[in-house]
$ cat protein_15.cif   # mmCIF, C-alpha atoms and all ligand atoms
data_final
#
loop_
_atom_site.label_atom_id
_atom_site.label_comp_id
_atom_site.auth_asym_id
_atom_site.auth_seq_id
_atom_site.Cartn_x
_atom_site.Cartn_y
_atom_site.Cartn_z
CA MET D 1 49.53 -42.07 34.04
CA ASN D 2 46.68 -42.00 31.50
CA SER D 3 43.16 -40.65 31.98
CA GLN D 4 42.03 -44.21 32.67
CA SER D 5 43.89 -44.05 35.97
CA LEU D 6 43.77 -42.02 39.15
CA THR D 7 46.66 -39.74 39.98
CA PRO D 8 48.86 -41.10 42.81
CA GLN D 9 47.35 -38.46 45.13
CA GLU D 10 43.77 -39.50 44.25
CA LEU D 11 44.67 -43.14 44.82
CA ASP D 12 46.24 -42.32 48.19
CA ARG D 13 43.10 -40.43 49.17
CA LEU D 14 40.88 -43.39 48.27
CA ARG D 15 43.14 -45.76 50.16
CA GLY D 16 43.06 -43.41 53.13
CA MET D 17 39.28 -43.77 53.13
CA GLN D 18 39.39 -47.61 53.24
CA SER D 19 37.99 -48.75 56.52
CA SER D 20 37.49 -52.46 56.98
CA LEU D 21 39.01 -54.32 54.11
CA ALA D 22 39.78 -57.34 56.20
CA GLU D 23 36.67 -59.14 55.00
CA LEU D 24 37.83 -58.86 51.40
CA HIS D 25 41.07 -60.68 51.91
CA GLY D 26 39.71 -64.00 50.76
CA VAL D 27 41.32 -65.79 47.84
CA ALA D 28 39.54 -66.73 44.65
CA SER D 29 39.31 -70.40 45.56
CA ASP D 30 37.19 -69.58 48.67
CA SER D 31 34.33 -68.38 46.51
CA PRO D 32 31.58 -70.91 45.65
CA LEU D 33 31.15 -69.20 42.30
CA LEU D 34 34.77 -69.64 41.39
CA GLN D 35 34.70 -73.24 42.54
CA GLN D 36 31.76 -73.85 40.21
CA LEU D 37 33.57 -72.12 37.37
CA ALA D 38 36.44 -74.51 37.81
CA SER D 39 34.05 -77.34 37.03
CA ILE D 40 32.84 -76.07 33.63
CA ASP D 41 34.44 -76.72 30.31
CA ARG D 42 37.64 -74.68 30.04
CA LYS D 43 37.18 -74.05 26.30
CA LEU D 44 33.66 -72.69 26.79
CA TRP D 45 34.90 -70.57 29.65
CA GLU D 46 37.72 -69.10 27.54
CA THR D 47 35.37 -68.16 24.70
CA LEU D 48 32.93 -66.43 27.02
CA THR D 49 35.33 -64.42 29.18
CA THR D 50 38.34 -62.20 28.64
CA GLU D 51 40.96 -61.77 31.32
CA ARG D 52 41.99 -58.20 32.17
CA ARG D 53 44.65 -56.93 34.53
CA TYR D 54 44.49 -53.59 36.32
CA ALA D 55 47.21 -51.67 38.09
CA PRO D 56 46.34 -49.85 41.37
CA GLY D 57 44.43 -46.69 40.52
CA GLU D 58 43.31 -47.92 37.11
CA PHE D 59 39.62 -47.60 36.19
CA VAL D 60 37.75 -50.77 35.28
CA PHE D 61 34.97 -48.47 34.10
CA ARG D 62 33.71 -44.98 34.87
CA GLU D 63 30.39 -43.72 36.19
CA GLY D 64 28.19 -42.55 33.31
CA GLU D 65 29.85 -44.74 30.64
CA ALA D 66 27.73 -47.10 28.59
CA GLY D 67 28.22 -50.66 29.83
CA ASP D 68 27.79 -54.02 28.13
CA ALA D 69 29.75 -56.34 30.40
CA MET D 70 30.14 -57.41 33.98
CA TYR D 71 33.37 -58.42 35.71
CA LEU D 72 34.23 -61.29 37.95
CA ILE D 73 37.10 -60.50 40.33
CA TRP D 74 39.65 -63.29 40.25
CA SER D 75 42.26 -61.63 42.43
CA GLY D 76 42.99 -58.22 43.91
CA ARG D 77 40.59 -55.60 45.17
CA VAL D 78 38.49 -52.85 43.62
CA VAL D 79 36.53 -49.95 45.04
CA VAL D 80 33.05 -48.83 43.98
CA VAL D 81 33.02 -45.02 43.88
CA LYS D 82 30.34 -42.47 43.10
CA GLY D 83 30.66 -38.76 42.35
CA ASP D 84 33.50 -36.29 42.13
CA LEU D 85 36.92 -37.85 42.72
CA GLU D 86 37.99 -34.79 44.73
CA CYS D 87 35.43 -35.80 47.33
CA PRO D 88 34.23 -39.29 46.41
CA THR D 89 31.52 -41.38 48.04
CA ILE D 90 32.74 -44.91 48.53
CA LEU D 91 29.91 -47.38 48.07
CA GLY D 92 31.98 -50.42 48.94
CA TYR D 93 34.85 -52.72 48.08
CA ARG D 94 34.79 -55.94 46.12
CA GLY D 95 37.27 -58.80 46.25
CA PRO D 96 37.92 -62.25 44.80
CA GLY D 97 34.82 -64.20 43.74
CA GLN D 98 32.62 -61.11 43.68
CA ILE D 99 31.16 -59.50 40.60
CA VAL D 100 30.93 -55.84 39.58
CA GLY D 101 29.08 -54.04 36.80
CA GLU D 102 26.36 -56.71 36.72
CA MET D 103 23.58 -54.16 36.10
CA ALA D 104 24.84 -53.74 32.52
CA ILE D 105 23.92 -57.37 31.86
CA LEU D 106 20.37 -56.81 33.01
CA GLU D 107 19.59 -53.35 31.67
CA ASN D 108 20.97 -51.05 29.04
CA ARG D 109 21.73 -47.99 31.20
CA PRO D 110 24.90 -45.93 31.87
CA ARG D 111 27.11 -47.12 34.73
CA VAL D 112 25.86 -45.75 38.06
CA ALA D 113 29.30 -45.82 39.74
CA SER D 114 32.98 -46.14 38.84
CA ILE D 115 35.08 -49.20 39.61
CA ILE D 116 38.77 -48.61 40.36
CA ALA D 117 41.44 -51.16 41.21
CA VAL D 118 43.03 -50.41 44.58
CA GLU D 119 45.67 -53.10 44.19
CA GLU D 120 46.99 -55.26 41.33
CA SER D 121 43.79 -57.01 40.20
CA ARG D 122 42.80 -59.71 37.71
CA LEU D 123 39.24 -59.50 36.45
CA LEU D 124 37.31 -61.70 34.02
CA ARG D 125 35.12 -59.71 31.69
CA ILE D 126 31.81 -61.36 30.68
CA GLY D 127 29.85 -59.60 27.92
CA ARG D 128 26.06 -59.65 27.66
CA GLU D 129 25.95 -62.37 24.97
CA GLY D 130 28.58 -64.38 26.79
CA PHE D 131 26.46 -64.30 29.93
CA GLN D 132 23.40 -65.54 28.03
CA GLU D 133 25.43 -68.40 26.60
CA LEU D 134 26.76 -69.19 30.05
CA LEU D 135 23.20 -69.43 31.35
CA GLN D 136 22.30 -71.92 28.61
CA ASN D 137 25.41 -74.07 28.89
CA ALA D 138 26.08 -73.93 32.60
CA PRO D 139 22.83 -72.98 34.35
CA ILE D 140 24.40 -73.60 37.77
CA ILE D 141 26.78 -70.67 37.18
CA GLY D 142 23.88 -68.51 36.08
CA MET D 143 22.00 -69.45 39.25
CA SER D 144 25.00 -68.62 41.34
CA ILE D 145 25.31 -65.18 39.75
CA MET D 146 21.56 -64.63 40.12
CA GLY D 147 21.93 -65.55 43.82
CA MET D 148 24.62 -62.88 44.23
CA LEU D 149 22.47 -60.32 42.47
CA SER D 150 19.49 -61.09 44.64
CA ALA D 151 21.63 -60.85 47.81
CA ARG D 152 22.85 -57.45 46.66
CA LEU D 153 19.29 -56.30 45.97
CA ARG D 154 18.25 -57.40 49.44
CA GLU D 155 21.22 -55.53 50.93
CA SER D 156 20.27 -52.34 49.11
CA SER D 157 16.63 -52.59 50.12
CA ILE D 158 17.69 -52.95 53.79
CA MET D 159 19.97 -49.93 53.32
CA ARG D 160 17.06 -47.97 51.89
CA GLN D 161 14.93 -48.77 54.93
CA VAL D 162 17.75 -47.75 57.26
CA ASN D 163 18.19 -44.52 55.27
CA ASN D 164 14.46 -43.81 55.42
CA GLN D 165 14.48 -44.25 59.19
CA ALA D 166 17.56 -42.06 59.54
CA GLY D 167 15.94 -39.47 57.26
CA ARG D 168 12.77 -39.38 59.38
CA GLN D 169 14.82 -38.98 62.55
CA LEU D 170 16.82 -36.18 60.93
CA MET D 171 13.61 -34.40 59.89
CA ARG D 172 12.31 -34.64 63.48
CA GLN D 173 15.55 -33.12 64.76
CA VAL D 174 15.43 -30.35 62.15
CA THR D 175 11.86 -29.48 63.18
CA GLU D 176 12.88 -29.40 66.85
CA LEU D 177 15.83 -27.15 66.04
CA GLN D 178 13.62 -24.83 64.01
CA THR D 179 11.18 -24.50 66.91
CA GLU D 180 14.06 -23.81 69.29
CA LYS D 181 15.42 -21.19 66.89
CA GLN D 182 12.01 -19.47 66.75
CA GLN D 183 11.83 -19.40 70.55
CA LEU D 184 15.35 -17.98 70.80
CA LEU D 185 14.57 -15.30 68.22
CA GLU D 186 11.43 -14.35 70.13
CA LEU D 187 13.39 -14.20 73.39
CA GLN D 188 16.03 -12.07 71.73
CA ARG D 189 13.34 -9.71 70.37
CA VAL D 190 11.72 -9.31 73.80
CA ARG D 191 15.11 -8.64 75.42
CA GLN D 192 15.99 -6.10 72.76
CA GLU D 193 12.65 -4.34 73.16
CA THR D 194 13.04 -4.25 76.95
CA SER D 195 16.54 -2.85 76.78
CA ASP D 196 15.49 -0.27 74.15
CA LEU D 197 12.66 0.78 76.47
CA ILE D 198 14.98 1.12 79.48
CA ILE D 199 17.48 3.10 77.43
CA HIS D 200 14.72 5.34 76.16
CA ASP D 201 13.44 5.95 79.69
CA LEU D 202 16.93 6.85 80.91
CA ARG D 203 16.85 9.90 78.70
CA ASN D 204 14.50 11.97 80.88
CA PRO D 205 16.21 11.46 84.26
CA LEU D 206 19.55 12.20 82.59
CA GLY D 207 18.12 15.43 81.22
CA VAL D 208 16.91 16.28 84.74
CA ILE D 209 20.36 15.59 86.26
CA ASN D 210 22.10 17.74 83.65
CA GLY D 211 19.54 20.50 84.11
CA ALA D 212 19.93 20.36 87.91
CA ILE D 213 23.72 20.62 87.66
CA SER D 214 23.42 23.67 85.39
CA MET D 215 20.92 25.23 87.85
CA LEU D 216 23.28 24.60 90.77
CA ARG D 217 26.07 26.35 88.87
CA MET D 218 23.77 29.35 88.47
CA VAL D 219 22.18 29.55 91.93
CA LEU D 220 24.93 28.48 94.33
CA PRO D 221 26.80 31.31 96.09
CA VAL D 222 30.22 31.88 94.55
CA GLU D 223 32.20 30.54 97.57
CA THR D 224 30.08 27.36 97.79
CA LEU D 225 30.48 26.90 94.07
CA GLY D 226 34.24 27.33 94.33
CA ASP D 227 34.45 24.70 97.10
CA ASN D 228 32.31 22.20 95.17
CA ARG D 229 33.34 22.86 91.55
CA GLU D 230 35.29 19.60 91.27
CA LEU D 231 32.31 17.52 92.44
CA LEU D 232 29.99 19.32 90.02
CA ASP D 233 32.46 18.79 87.16
CA MET D 234 32.63 15.09 87.94
CA ALA D 235 28.83 14.77 88.10
CA GLU D 236 28.42 16.71 84.87
CA SER D 237 31.05 14.70 83.02
CA ALA D 238 29.58 11.35 84.20
CA ALA D 239 26.03 12.39 83.28
CA GLY D 240 27.27 13.69 79.92
CA ARG D 241 29.00 10.40 79.19
CA MET D 242 25.87 8.46 80.08
CA GLN D 243 23.78 10.72 77.90
CA ARG D 244 26.10 10.15 74.93
CA LEU D 245 25.84 6.39 75.49
CA VAL D 246 22.04 6.56 75.57
CA GLU D 247 21.94 8.72 72.43
CA SER D 248 24.29 6.36 70.57
CA LEU D 249 22.30 3.30 71.61
CA LEU D 250 19.04 4.89 70.53
CA ASP D 251 20.59 5.96 67.22
CA VAL D 252 21.87 2.49 66.46
CA ALA D 253 18.57 0.84 67.51
CA ALA D 254 16.59 3.24 65.31
CA MET D 255 18.94 2.68 62.35
CA GLU D 256 18.71 -1.09 62.78
CA ALA D 257 14.92 -0.94 62.90
CA GLY D 258 14.93 1.21 59.72
CA GLU D 259 13.11 3.93 61.64
CA VAL D 260 15.46 6.72 60.65
CA GLN D 261 14.27 9.05 57.97
CA MET D 262 16.95 9.64 55.31
CA ASN D 263 17.04 12.95 53.47
CA PHE D 264 19.01 12.29 50.33
CA ALA D 265 20.28 15.20 48.27
CA PRO D 266 23.44 16.03 46.30
CA VAL D 267 26.24 16.82 48.78
CA ARG D 268 29.63 18.46 47.99
CA LEU D 269 32.27 16.42 49.79
CA GLN D 270 34.80 19.27 49.51
CA SER D 271 32.64 21.46 51.80
CA LEU D 272 31.80 18.61 54.15
CA ALA D 273 35.46 17.65 54.57
CA ALA D 274 36.39 21.27 55.26
CA ALA D 275 33.58 21.64 57.85
CA VAL D 276 34.52 18.43 59.68
CA GLY D 277 38.20 19.42 59.52
CA ASN D 278 37.48 22.85 61.03
CA ARG D 279 35.40 21.39 63.82
CA THR D 280 38.14 18.98 64.86
CA ALA D 281 41.07 21.33 64.14
CA LEU D 282 41.55 22.46 67.75
CA GLN D 283 41.76 18.90 69.10
CA MET D 284 44.30 18.01 66.41
CA ARG D 285 46.37 21.13 67.02
CA MET D 286 46.51 20.37 70.75
CA SER D 287 47.93 16.92 69.97
CA GLY D 288 50.35 18.23 67.35
CA ILE D 289 48.57 16.22 64.63
CA THR D 290 48.90 17.39 61.02
CA PHE D 291 45.61 17.33 59.12
CA CYS D 292 45.23 17.12 55.36
CA ALA D 293 41.91 17.31 53.45
CA ASP D 294 42.43 15.81 50.01
CA VAL D 295 39.18 15.96 48.05
CA PRO D 296 40.03 17.24 44.55
CA GLU D 297 37.64 19.76 42.97
CA ASP D 298 36.71 17.29 40.22
CA VAL D 299 35.16 14.82 42.72
CA PRO D 300 31.44 15.12 41.87
CA PRO D 301 28.69 15.60 44.51
CA VAL D 302 27.40 12.43 46.19
CA GLN D 303 23.79 11.47 46.82
CA ALA D 304 23.63 11.48 50.62
CA ASP D 305 21.94 12.58 53.81
CA GLU D 306 24.38 15.39 54.67
CA GLU D 307 23.76 15.43 58.42
CA LYS D 308 24.23 11.64 58.74
CA ILE D 309 27.37 11.53 56.61
CA ASP D 310 28.72 14.47 58.59
CA ARG D 311 28.29 12.34 61.74
CA VAL D 312 29.97 9.36 60.07
CA LEU D 313 32.98 11.51 59.15
CA THR D 314 33.05 13.10 62.60
CA ASN D 315 33.05 9.63 64.23
CA LEU D 316 35.90 8.46 62.00
CA MET D 317 37.86 11.67 62.61
CA ASP D 318 37.27 11.41 66.40
CA ASN D 319 38.58 7.84 66.35
CA ALA D 320 41.59 8.82 64.26
CA ILE D 321 42.39 11.60 66.74
CA LYS D 322 41.92 9.25 69.72
CA TYR D 323 44.47 6.80 68.32
CA THR D 324 46.99 8.97 66.48
CA PRO D 325 50.11 9.75 68.53
CA ASN D 326 51.43 13.29 68.97
CA GLU D 327 53.08 14.57 65.78
CA GLY D 328 51.08 12.05 63.75
CA ARG D 329 49.06 12.73 60.60
CA ILE D 330 45.39 12.37 59.56
CA THR D 331 44.18 12.56 55.96
CA LEU D 332 40.56 12.91 54.90
CA ALA D 333 40.36 12.00 51.20
CA GLY D 334 37.80 11.50 48.44
CA ARG D 335 38.26 9.97 44.98
CA VAL D 336 35.94 8.78 42.24
CA GLU D 337 35.71 5.08 41.37
CA GLY D 338 33.22 4.43 38.58
CA GLU D 339 29.74 5.38 39.77
CA GLN D 340 30.92 5.80 43.34
CA VAL D 341 33.05 8.06 45.47
CA VAL D 342 35.36 6.44 48.00
CA VAL D 343 35.76 8.58 51.14
CA SER D 344 38.55 7.67 53.56
CA VAL D 345 40.11 8.75 56.83
CA THR D 346 43.71 7.60 57.22
CA ASP D 347 45.75 7.92 60.40
CA THR D 348 49.22 7.01 61.63
CA GLY D 349 47.99 5.30 64.83
CA PRO D 350 48.52 1.68 65.91
CA GLY D 351 46.29 0.25 63.14
CA ILE D 352 43.74 -2.55 63.51
CA PRO D 353 44.91 -6.19 63.56
CA PRO D 354 43.61 -7.99 60.41
CA GLN D 355 41.54 -10.49 62.46
CA GLU D 356 39.63 -7.57 64.10
CA ARG D 357 38.87 -5.61 60.94
CA GLU D 358 35.32 -6.95 60.51
CA ARG D 359 34.42 -7.37 64.16
CA ILE D 360 35.05 -3.75 65.18
CA PHE D 361 31.96 -2.69 63.20
CA GLU D 362 29.74 -4.77 65.52
CA ARG D 363 27.95 -3.29 68.57
CA PHE D 364 30.30 -2.78 71.55
CA ALA D 365 33.30 -4.32 69.77
CA GLN D 366 36.64 -2.84 70.79
CA VAL D 367 40.20 -4.00 70.17
CA ALA D 368 41.50 -5.56 73.38
CA GLY D 369 44.45 -3.80 74.97
CA ASP D 370 44.36 -0.65 72.80
CA LYS D 371 45.13 2.71 74.39
CA PRO D 372 42.92 5.51 73.08
CA ARG D 373 43.18 9.07 74.36
CA ARG D 374 39.55 8.65 75.54
CA ARG D 375 37.63 5.39 75.94
CA GLY D 376 34.38 5.17 73.89
CA PHE D 377 31.47 2.71 73.93
CA GLY D 378 32.18 0.67 70.81
CA LEU D 379 29.10 2.02 69.04
CA GLY D 380 30.52 4.69 66.71
CA LEU D 381 31.58 2.29 63.96
CA THR D 382 28.26 0.41 64.18
CA PHE D 383 26.49 3.70 63.53
CA CYS D 384 28.86 4.41 60.59
CA LYS D 385 28.25 0.99 59.08
CA LEU D 386 24.45 1.19 59.34
CA THR D 387 24.43 4.71 57.90
CA VAL D 388 26.69 3.83 54.97
CA GLN D 389 24.60 0.73 54.26
CA ALA D 390 21.43 2.84 54.30
CA HIS D 391 23.10 4.81 51.46
CA GLY D 392 23.69 1.57 49.52
CA GLY D 393 27.42 1.81 50.24
CA ARG D 394 30.05 -0.33 51.97
CA ILE D 395 32.51 0.48 54.75
CA TRP D 396 35.76 -1.28 55.65
CA VAL D 397 39.12 -0.75 57.30
CA GLU D 398 42.56 -1.55 55.95
CA ALA D 399 46.14 -0.72 56.85
CA GLY D 400 47.19 2.89 56.21
CA ASP D 401 49.91 4.11 53.85
CA GLY D 402 53.01 1.88 53.88
CA GLY D 403 51.24 -0.50 56.29
CA VAL D 404 51.24 2.17 59.07
CA GLY D 405 48.04 3.10 60.97
CA SER D 406 44.54 2.49 59.59
CA ARG D 407 42.44 3.67 56.70
CA PHE D 408 38.67 3.63 57.22
CA ALA D 409 36.97 3.89 53.84
CA PHE D 410 33.38 3.92 52.64
CA THR D 411 31.57 4.34 49.36
CA LEU D 412 28.73 6.68 48.44
CA PRO D 413 26.87 6.90 45.13
CA VAL D 414 27.66 9.80 42.79
CA ALA D 415 24.64 12.13 42.60
CA GLU D 416 23.02 12.06 39.18
CA ALA D 417 23.42 15.31 37.25
CA ALA D 418 20.22 17.35 37.51
P1 LIG X 1 34.74 3.50 70.36
O1 LIG X 1 33.72 4.39 70.93
O2 LIG X 1 35.24 2.44 71.28
O3 LIG X 1 35.81 4.26 69.65
P2 LIG X 1 34.03 2.61 67.74
O4 LIG X 1 32.90 1.74 67.27
O5 LIG X 1 34.15 3.94 67.12
O6 LIG X 1 33.91 2.68 69.28
O7 LIG X 1 35.38 1.82 67.51
C1 LIG X 1 35.44 0.46 67.89
C2 LIG X 1 36.88 0.06 68.20
O8 LIG X 1 37.65 0.07 66.99
C3 LIG X 1 37.63 1.02 69.10
O9 LIG X 1 37.33 0.75 70.46
C4 LIG X 1 39.05 0.69 68.76
O10 LIG X 1 39.46 -0.47 69.43
C5 LIG X 1 38.99 0.43 67.27
N1 LIG X 1 39.30 1.63 66.47
C6 LIG X 1 38.42 2.45 65.86
N2 LIG X 1 39.05 3.41 65.17
C7 LIG X 1 40.38 3.19 65.33
C8 LIG X 1 41.56 3.83 64.82
N3 LIG X 1 41.48 4.89 64.02
N4 LIG X 1 42.75 3.30 65.17
C9 LIG X 1 42.83 2.21 65.98
N5 LIG X 1 41.74 1.56 66.47
C10 LIG X 1 40.53 2.04 66.15
#
$ encode --input "protein_15.cif" --output "structure tokens" --more "lines below"
Ligand code: ADP
Amino acid sequence: MNSQSLTPQELDRLRGMQSSLAELHGVASDSPLLQQLASIDRKLWETLTTERRYAPGEFVFREGEAGDAMYLIWSGRVVVVKGDLECPTILGYRGPGQIVGEMAILENRPRVASIIAVEESRLLRIGREGFQELLQNAPIIGMSIMGMLSARLRESSIMRQVNNQAGRQLMRQVTELQTEKQQLLELQRVRQETSDLIIHDLRNPLGVINGAISMLRMVLPVETLGDNRELLDMAESAAGRMQRLVESLLDVAAMEAGEVQMNFAPVRLQSLAAAVGNRTALQMRMSGITFCADVPEDVPPVQADEEKIDRVLTNLMDNAIKYTPNEGRITLAGRVEGEQVVVSVTDTGPGIPPQERERIFERFAQVAGDKPRRRGFGLGLTFCKLTVQAHGGRIWVEAGDGGVGSRFAFTLPVAEAA
């Protein structure tokens, strides 16, 4: 197959796009033009035209090529194609008695579309000079060709009008959609503001409830306290859980609104990892989890807000502990990669299914059917993501070592040497 032909796959694709070819199944003798041609002098005809045969998939000419001839289709079928052949736009099909490439006769411009044979085709090539001679010696043929050209021009002007109308309608619809989008955004903003306000106002009553429970513990007589300790514990734990939810929601809302002040300074990850490890050591010991902090001494300080990154690491460690089975292992590591340090928390828990690995960083997203030691609110990872992004870094999750468990990793910029 040479470069003048389509590959079999390209040809199949074009054929697959053929819709209604029925109207092209005429034979050459049906065409008035061809009937007129039969009446002119055979010798003259042979000097003015050259017969060419094309196999299916063969180009008659390509878009962009210079053209100096038009073609009269004697038999077979060709397709008029524009653009990339991977995803072509089919402008139409031409069959016996029809002409293609006629623009080249009228103006000296590159071909605006490609013509490809879709079945065995016989075409008569008529060059520019040949056409002029044909006009002089057989004006009726010239008139016939002119008639075809004018019909095609009329067709394209109707198409342009239709396109203009369709374009105007599309613009109207786009404008309507834009207005709807604006209204939806506004609605979403109002709802967000309202829920932020409610959450904010929940803070005070929750503080009062917690305070009242603490007071009761202090003032109630010992026997009454003993009889009601379980109820007080339940109330305190429920209020505490609600308070944590409110705090997390407010944190995330403030981070999203860019209202959180960041205090960037050089931070030693070695110390931070040790501090977070110490704070969570008891929980891990109780579950028989082995902990390993692996931040080599040569990892340079990072430019970070220490308190916020401490919370990110604590969230990741808490999650790792929630999901790692007894006798499992958690590793907190740091390593340099170019201008960045990659910090990671790896566990030997159930891992995160690949299709959930982006979603779990969204508000309230949780993996369905998982079994943590304690159920959270689905906000911790959203906080981590927003915080890391505020540092110009990126956070992601992948499978842990040997495909077991998960590794949550994020990047932080290396602090510039003073
Ligand atoms: P939650 O408070 O629910 O833990 P997060 O935003 O911290 O909220 O985590 C979102 C979800 O991601 C969790 O509910 C859980 O389904 C999944 N997840 C997070 N960390 C782990 C982990 N280390 N192992 C397995 N699943 C995890």
$ residues_around --input "protein_15.cif" --residues "range 34-47 of chain D" --least-positions-apart "6" --cutoff "10 Å" --atoms "only C-alpha atoms" --output "list in words"
Val27, Ala28, Leu72, Ile73, Trp74, Pro96, Gly97, Gln98, Leu124, Ile126, Gly130, Glu133, Leu134, Asn137, Ala138, Ile140, Ile141 and Ser144 of chain D
$ closest_residue --input "protein_15.cif" --among "D:Thr382, D:Gln389, D:Thr411, D:Ser214" --to "ligand LIG 1 (chain X)" --atoms "only C-alpha atoms and all ligand atoms"
D:Thr382
$ residues_near_ligand --input "protein_15.cif" --ligand "ligand LIG 1 (chain X)" --cutoff "7 Å" --atoms "all atoms listed in the file" --output "PyMOL selection string"
chain D and resi 315-316+319-320+323+347+349-352+360-361+364-368+370+375-382+405-406
$ closest_residue --input "protein_15.cif" --among "D:Glu259, D:Asp233, D:Glu58, D:Asp305" --to "Leu6 in chain D" --atoms "only C-alpha atoms"
D:Glu58
$ atom_distance --input "protein_15.cif" --atom1 "CA of Ala117 in chain D" --atom2 "CA of Leu149 in chain D"
21.1 Å
$ atom_distance --input "protein_15.cif" --atom1 "CA of Val312 in chain D" --atom2 "CA of Glu356 in chain D"
19.9 Å
$ residues_near_point --input "protein_15.cif" --point "(42.1, -8.1, 57.3)" --cutoff "10 Å" --atoms "only C-alpha atoms" --output "PyMOL selection string"
chain D and resi 352-358+396-399
$ closest_residue --input "protein_15.cif" --among "D:Ala254, D:Leu220, D:Val78, D:Ala238" --to "Leu386 in chain D" --atoms "only C-alpha atoms"
D:Ala254
$ residues_around --input "protein_15.cif" --residues "range 151-156 of chain D" --least-positions-apart "3" --cutoff "12 Å" --atoms "all atoms listed in the file" --output "list in words"
Leu91, Gly92, Gln98, Ile99, Val100, Glu102, Met103, Ser144, Ile145, Met146, Gly147, Met148, Met159, Arg160, Gln161, Val162 and Asn163 of chain D
$ atom_distance --input "protein_15.cif" --atom1 "CA of Thr280 in chain D" --atom2 "CA of Leu313 in chain D"
10.7 Å
$ axis_aligned_box --input "protein_15.cif" --around "range 371-377 of chain D" --padding-each-side "3 Å" --output "AutoDock Vina command-line options"
--center_x 38.3 --center_y 5.9 --center_z 74.5 --size_x 19.7 --size_y 12.4 --size_z 8.9
$ residues_around --input "protein_15.cif" --residues "Ser344 in chain D" --least-positions-apart "2" --cutoff "9 Å" --atoms "all atoms listed in the file" --output "compact mmCIF listing (two decimals) with C-alpha atoms, in the coordinates of the input"
# COMPACT_ATOMS: atom_id res chain seq x y z
CA LEU D 313 32.98 11.51 59.15
CA LEU D 316 35.90 8.46 62.00
CA THR D 331 44.18 12.56 55.96
CA LEU D 332 40.56 12.91 54.90
CA ALA D 333 40.36 12.00 51.20
CA GLY D 334 37.80 11.50 48.44
CA ARG D 335 38.26 9.97 44.98
CA VAL D 342 35.36 6.44 48.00
CA THR D 346 43.71 7.60 57.22
CA ARG D 407 42.44 3.67 56.70
CA PHE D 408 38.67 3.63 57.22
CA ALA D 409 36.97 3.89 53.84
CA PHE D 410 33.38 3.92 52.64
CA THR D 411 31.57 4.34 49.36
$ closest_residue --input "protein_15.cif" --among "D:Ile209, D:Met70, D:Val79, D:Ala304" --to "Asn263 in chain D" --atoms "all atoms listed in the file"
D:Ala304
$ residues_around --input "protein_15.cif" --residues "Pro56 in chain D" --least-positions-apart "3" --cutoff "6 Å" --atoms "only C-alpha atoms" --output "ChimeraX atom specification"
/D:117-120
$ residues_around --input "protein_15.cif" --residues "Leu197 in chain D" --least-positions-apart "5" --cutoff "12 Å" --atoms "only C-alpha atoms" --output "ChimeraX atom specification"
/D:190-192,202-203,246,249-250,253
$ closest_residue --input "protein_15.cif" --among "D:Gln303, D:Thr314, D:Thr324, D:Asn108" --to "Ser287 in chain D" --atoms "only C-alpha atoms"
D:Thr324
$ closest_residue --input "protein_15.cif" --among "D:His391, D:Arg268, D:Arg77, D:Lys322" --to "Glu297 in chain D" --atoms "all atoms listed in the file"
D:Arg268
$ decode --input "protein_15.cif" --residues "range 328-337 of chain D" --atoms "N, CA and C atoms" --output "JSON list (two decimals), in the first residue's frame"
[["chain", "number", "residue", "atom", "x", "y", "z"],
["D", 328, "GLY", "N", 0.50, -5.23, 62.85],
["D", 328, "GLY", "CA", 0.89, -4.61, 61.58],
["D", 328, "GLY", "C", 2.06, -3.65, 61.77],
["D", 329, "ARG", "N", 2.34, -2.85, 60.71],
["D", 329, "ARG", "CA", 3.51, -1.99, 60.76],
["D", 329, "ARG", "C", 3.18, -0.63, 60.11],
["D", 330, "ILE", "N", 3.69, 0.45, 60.71],
["D", 330, "ILE", "CA", 3.51, 1.79, 60.13],
["D", 330, "ILE", "C", 4.88, 2.45, 60.01],
["D", 331, "THR", "N", 5.16, 3.02, 58.84],
["D", 331, "THR", "CA", 6.45, 3.69, 58.64],
["D", 331, "THR", "C", 6.22, 5.14, 58.25],
["D", 332, "LEU", "N", 6.88, 6.04, 58.97],
["D", 332, "LEU", "CA", 6.82, 7.47, 58.61],
["D", 332, "LEU", "C", 8.18, 7.80, 58.01],
["D", 333, "ALA", "N", 8.21, 8.15, 56.72],
["D", 333, "ALA", "CA", 9.51, 8.33, 56.05],
["D", 333, "ALA", "C", 9.63, 9.69, 55.39],
["D", 334, "GLY", "N", 10.86, 10.11, 55.15],
["D", 334, "GLY", "CA", 11.13, 11.35, 54.42],
["D", 334, "GLY", "C", 12.33, 11.12, 53.52],
["D", 335, "ARG", "N", 12.27, 11.61, 52.28],
["D", 335, "ARG", "CA", 13.44, 11.50, 51.40],
["D", 335, "ARG", "C", 13.43, 12.70, 50.45],
["D", 336, "VAL", "N", 14.65, 13.07, 50.02],
["D", 336, "VAL", "CA", 14.76, 14.25, 49.15],
["D", 336, "VAL", "C", 14.55, 13.83, 47.71],
["D", 337, "GLU", "N", 13.85, 14.67, 46.96],
["D", 337, "GLU", "CA", 13.69, 14.46, 45.51],
["D", 337, "GLU", "C", 13.84, 15.81, 44.85]]
